[in-house]
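Reviewing the structure listed below.
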Amino acid sequence: MNVYSRLVTAISLASLISLSAHAGEVEVLHWWTSGGEKRAADTLQKLVEAKGHVWKDFAVAGGGGEAAMTVLKTRAVSGNPPAAAQIKGPDIQEWGALGLLADLNAIAAEQKWDSLLPKQVANIMKYEGDYVAVPVNVHRVNWLWINPEVFAKAGATPPTTLDEFFVAADKLKAAGFIPLAHGGQPWQDGTIFEDLAFSILGADGYRKAFVEQDKATLTGPKMVEVFAALQKLHGYIDADAAGRDWNTAAGLVINGKAGMQVMGDWAKSEWTAAGKVAGKDYQCLPFPGTQGSFAYNIDSLVMFKLSDAQNRKAQEDLARTVMEPEFQQLFSQNKGSIPVRQDVDMSTFDACAQQSSLDFKAAAASGGLQPSLAHGMAASSYVQGAVFDVVTNFFNDPKADPKRAAKQLAAAIQAVQ
Ligand code: BGC
């Protein structure tokens with residue numbers, strides 16, 4: 001080997017070493033697997049890869065994330081958690097108490113998270129005052145998605161009240177459409193139940209029932225009304241709803257087979273992926289009777305303690321990336337949500353996101369901003385699971401008694417408190 005080729009070898013070895021010194025691997029557990037969700041998740045992967053790291057995708061299919069949480073527990077128990085996992089709301093505290101989470105305070109200080117995030121959001125991301133999670137976005141759960149062409153064919157009017165909702169559903173049914181596209185899975189039943197409760201109990205009653213878990217509210221006449229409305233609504237879903245995924249249900253509305261879907265705004269990711277335009281090809285309406293209120297569902301990535309220094313660097317860059325304006329915009333535009341940072345320019349967002357952003361701020365000022373129960377923001381996953389059990393059993397039994405269901409709801413919640 002002559003001097004020149006030795007030099008070339010030395011240089012390429014050095015650059016290889018510096019490349020590998022920089023590159024770390026970041027394994028991310030999430031359940032963003034529908035067509036629209038995947039497009040959103042891909043934006044994060046690309047930005048992390050652009051920082052020189054290796055993305056290891058740990059996607060576990062299953063809307064609402066129940067399957068993902070089961071898999072995560074198994075990995076954590078065996079002492080091998082991923083670098084980051086989508087864990088939300090009060091459950092972050094449970095994971096924090098296990099002592100497995102990484103401290104993100106240095107990055108939070110560097111990027112000024114405390115001043116970029118609403119206080120309510122920042123508090124959810126902290127365990128005993130330390131940041132252990134980075135917030136990704138803000139979803140709104142109380143939405144109704146409508147296909148206006150189907151509505152026009154059926155002579156139906158977009159509803160603003162629950163009474164109008166049932167009038168529209170009757171028209172859609174009479175015209176031969178599926179009035180309400182639904183997937184019979186506990187978390188989807190729970191999502192509809194939560195929206196009905198938000199509408200019938202109002203923001204204050206909703207908070208009393210699901211955040212404070214007040215027994216009188218849980219068993220009161222308004223909650224009985226909620227179950228009665230849920231029972232009525234069952235008459236407007238199709239016979240094949242059992243087990244259907246939420247994105248398949250969204251597809252029924254997109255393809256003009258159904259008129260409406262009750263779902264959080266991740267449903268918009270499917271419309272966006274199908275090339276449809278908000279306000280033209282589809283309409284987003286606050287769930288009837290919840291105008292001005294906002295049931296929030298904040299996606300967040302919790303970071304686990306890692307021993308490998310390069311992987312730790314990759315993990316830190318992941319946290320940084322999530323809070324950068326570029327990601328905040330790109331991800332939410334694909335995911336259907338709004339940025340969690342309060343300083344992102346909303347002018348490049350569609351009409352639904354712009355309305356969501358305005359309503360978020362107005363609801364925060366009026367007391368109408370409430371955490372979603374069905375999406376793990378209002379209570380622990382134990383309470384959430386207890387509610388799902390009662391709601392799903394009730395929904396699938398045409399003879400069930402609303403009064404009894406309200407009592408069962410209170411008892412089930414009490415049993416896991
Ligand atoms: C998550 C969303 C997700 C949806 C459907 C929600 O609980 O917060 O990010 O898109 O479930 O899987």
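Naming scheme: A, B, ... for chains in displayed order of the structure tokens; residues 1 onward per chain; ligands 1 onward as shown.
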Within 8 Å of ligand 1, which residues of chain A show up? Give each one with its shortest atom-to-atom distance in Å (one decimal) and the two atoms involved, counting only C-alpha atoms and all ligand atoms, rows by chain then rising residue number, as a tab-separated table.
```
residue	atom	partner	partner_atom_place_in_ligand_line	distance
A:Trp31	CA	ligand 1	12 (O)	6.2
A:Trp32	CA	ligand 1	10 (O)	5.9
A:Thr33	CA	ligand 1	12 (O)	7.8
A:Ser34	CA	ligand 1	12 (O)	7.9
A:Glu37	CA	ligand 1	10 (O)	6.2
A:Gly62	CA	ligand 1	12 (O)	6.4
A:Gly63	CA	ligand 1	12 (O)	3.3
A:Gly64	CA	ligand 1	11 (O)	3.7
A:Gly65	CA	ligand 1	12 (O)	6.0
A:Lys88	CA	ligand 1	8 (O)	7.8
A:His139	CA	ligand 1	8 (O)	7.0
A:Trp246	CA	ligand 1	5 (C)	7.4
A:Gly264	CA	ligand 1	4 (C)	7.6
A:Trp266	CA	ligand 1	10 (O)	4.9
A:Ala267	CA	ligand 1	10 (O)	7.7
A:Asn297	CA	ligand 1	8 (O)	5.9
A:Ile298	CA	ligand 1	8 (O)	6.4
A:Asp299	CA	ligand 1	8 (O)	5.2
A:Lys335	CA	ligand 1	10 (O)	7.3
A:Ala374	CA	ligand 1	7 (O)	7.7
A:His375	CA	ligand 1	7 (O)	4.7
A:Gly376	CA	ligand 1	7 (O)	7.4
```
Handout entry: Residue with smallest distance to Lys173 in chain A - pool A:Ile237, A:Ala109, A:Val387, A:Ala102, counting only C-alpha atoms
Key =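 Comparing A:Ile237, A:Ala109, A:Val387, A:Ala102 against Lys173 in chain A, the winner is A:Ile237.
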Exercise for the section: Can you pull out every residue within 12 Å of Leu369 in chain A, counting only C-alpha atoms, but drop anything in the same chain fewer than 4 positions away, and send it as number ranges by chain? Expected result: A: 120-121, 138, 140-142, 198, 202-204, 206-207, 290-297, 356-365, 377-378
Exercise for the section: Compare A:Ala405, A:Ala50, A:Val277, A:Leu285 by their minimum atom-to-atom distance to Thr321 in chain A, counting only C-alpha atoms, and give me the closest one. Expected result: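 When distances to Thr321 in chain A are compared using only C-alpha atoms, the smallest one comes from A:Ala50.
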Problem - strand (DSSP E) per DSSP on the backbone: members of range 123-297 of chain A, as a PyMOL selection string - result: chain A and resi 126-127+130-131+133-140+143-146+178-180+258-262+283-286+294-297
Practice task
Would you list the contacts of Val262 in chain A as a ChimeraX atom specification, taking every protein, DNA or RNA residue within 8 Å and counting only C-alpha atoms, but skipping same-chain residues closer than 6 positions in sequence?
Solution key: /A:142-145,180-182,191-192,287
Fill in the blank from the handout: Judged by only C-alpha atoms, the minimum distance to Leu409 in chain A among A:Leu104, A:Val340, A:Ala386, A:Ile178 is found for A:Ala386
Problem - DSSP-assigned helix (DSSP H, G or I) among range 66-161 of chain A, expressed as a ChimeraX atom specification - result: /A:66-77,91-97,105-111,113-116,119-124,148-154
Practice task
Find the spatial neighbours of Gly336 in chain A, counting only C-alpha atoms, within a cut-off of 6 Å - ignore same-chain residues fewer than 4 positions away - and output them as a PyMOL selection string.
Solution key: chain A and resi 265-266+268-269+332
Could those residues be written to a file, using all heavy atoms, as a JSON list (two decimals), in the first residue's frame?
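Saved file selection_39.json follows:
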```json
[["chain", "number", "residue", "atom", "x", "y", "z"],
["A", 265, "ASP", "N", -60.32, 14.07, 15.36],
["A", 265, "ASP", "CA", -59.88, 14.58, 14.05],
["A", 265, "ASP", "C", -58.71, 13.82, 13.42],
["A", 265, "ASP", "O", -58.24, 14.21, 12.35],
["A", 265, "ASP", "CB", -59.64, 16.09, 14.07],
["A", 265, "ASP", "CG", -58.86, 16.56, 15.28],
["A", 265, "ASP", "OD1", -58.18, 15.73, 15.92],
["A", 265, "ASP", "OD2", -58.92, 17.76, 15.57],
["A", 266, "TRP", "N", -58.28, 12.69, 14.03],
["A", 266, "TRP", "CA", -57.39, 11.81, 13.26],
["A", 266, "TRP", "C", -58.15, 11.24, 12.06],
["A", 266, "TRP", "O", -57.54, 10.83, 11.08],
["A", 266, "TRP", "CB", -56.81, 10.69, 14.13],
["A", 266, "TRP", "CG", -57.82, 9.97, 14.97],
["A", 266, "TRP", "CD1", -58.50, 8.85, 14.63],
["A", 266, "TRP", "CD2", -58.27, 10.34, 16.28],
["A", 266, "TRP", "NE1", -59.35, 8.51, 15.63],
["A", 266, "TRP", "CE2", -59.23, 9.38, 16.66],
["A", 266, "TRP", "CE3", -57.95, 11.38, 17.16],
["A", 266, "TRP", "CZ2", -59.89, 9.45, 17.89],
["A", 266, "TRP", "CZ3", -58.60, 11.43, 18.38],
["A", 266, "TRP", "CH2", -59.55, 10.49, 18.74],
["A", 268, "LYS", "N", -59.61, 12.94, 10.02],
["A", 268, "LYS", "CA", -59.30, 13.84, 8.89],
["A", 268, "LYS", "C", -58.07, 13.35, 8.13],
["A", 268, "LYS", "O", -57.93, 13.63, 6.94],
["A", 268, "LYS", "CB", -59.07, 15.25, 9.43],
["A", 268, "LYS", "CG", -59.27, 16.31, 8.35],
["A", 268, "LYS", "CD", -59.09, 17.71, 8.88],
["A", 268, "LYS", "CE", -57.67, 18.00, 9.23],
["A", 268, "LYS", "NZ", -57.47, 19.34, 9.80],
["A", 269, "SER", "N", -57.20, 12.62, 8.83],
["A", 269, "SER", "CA", -55.99, 12.13, 8.14],
["A", 269, "SER", "C", -56.38, 11.24, 6.96],
["A", 269, "SER", "O", -55.69, 11.20, 5.94],
["A", 269, "SER", "CB", -55.08, 11.38, 9.12],
["A", 269, "SER", "OG", -55.64, 10.14, 9.50],
["A", 332, "SER", "N", -49.07, 17.64, 12.03],
["A", 332, "SER", "CA", -50.49, 17.91, 12.24],
["A", 332, "SER", "C", -51.25, 18.04, 10.93],
["A", 332, "SER", "O", -52.41, 17.66, 10.84],
["A", 332, "SER", "CB", -50.69, 19.16, 13.11],
["A", 332, "SER", "OG", -50.71, 18.78, 14.47]]
```
Report as a compact mmCIF listing (two decimals) with N, CA, C and O atoms, in the first residue's frame all protein, DNA and RNA residues lying within 9 Å of Pro158 in chain A, evaluated on only C-alpha atoms, omitting residues in the same chain fewer than 6 positions from it.
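In the end it all went to part28.txt:
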```
# COMPACT_ATOMS: atom_id res chain seq x y z
N ILE A 146 -68.89 14.79 7.95
CA ILE A 146 -70.06 14.70 7.07
C ILE A 146 -69.66 14.68 5.61
O ILE A 146 -68.76 15.43 5.19
N PRO A 148 -71.03 15.97 2.36
CA PRO A 148 -72.10 16.90 1.96
C PRO A 148 -72.87 16.42 0.72
O PRO A 148 -74.06 16.73 0.58
N PHE A 151 -75.40 14.08 2.00
CA PHE A 151 -76.44 14.87 2.67
C PHE A 151 -77.39 15.50 1.65
O PHE A 151 -78.60 15.48 1.81
N GLU A 164 -81.58 17.49 15.87
CA GLU A 164 -81.32 17.63 14.43
C GLU A 164 -80.48 16.46 13.90
O GLU A 164 -80.61 16.05 12.76
N PHE A 165 -79.60 15.96 14.76
CA PHE A 165 -78.76 14.82 14.38
C PHE A 165 -79.64 13.62 14.02
O PHE A 165 -79.45 12.97 12.99
N ALA A 168 -81.55 14.22 10.74
CA ALA A 168 -80.67 13.98 9.58
C ALA A 168 -80.45 12.48 9.38
O ALA A 168 -80.49 11.98 8.24
N GLN A 283 -67.23 17.99 5.49
CA GLN A 283 -67.42 19.03 6.49
C GLN A 283 -67.08 18.48 7.87
O GLN A 283 -67.38 17.32 8.17
N LEU A 285 -67.95 19.27 11.74
CA LEU A 285 -68.82 20.06 12.62
C LEU A 285 -68.53 19.67 14.05
O LEU A 285 -68.31 18.48 14.32
```
Practice task
Write out as a ChimeraX atom specification each polymer residue whose atoms come within 8 Å of Ala273 in chain A, counting only C-alpha atoms; drop sequence neighbours fewer than 5 positions from it.
Solution key: /A:35-36,39,334
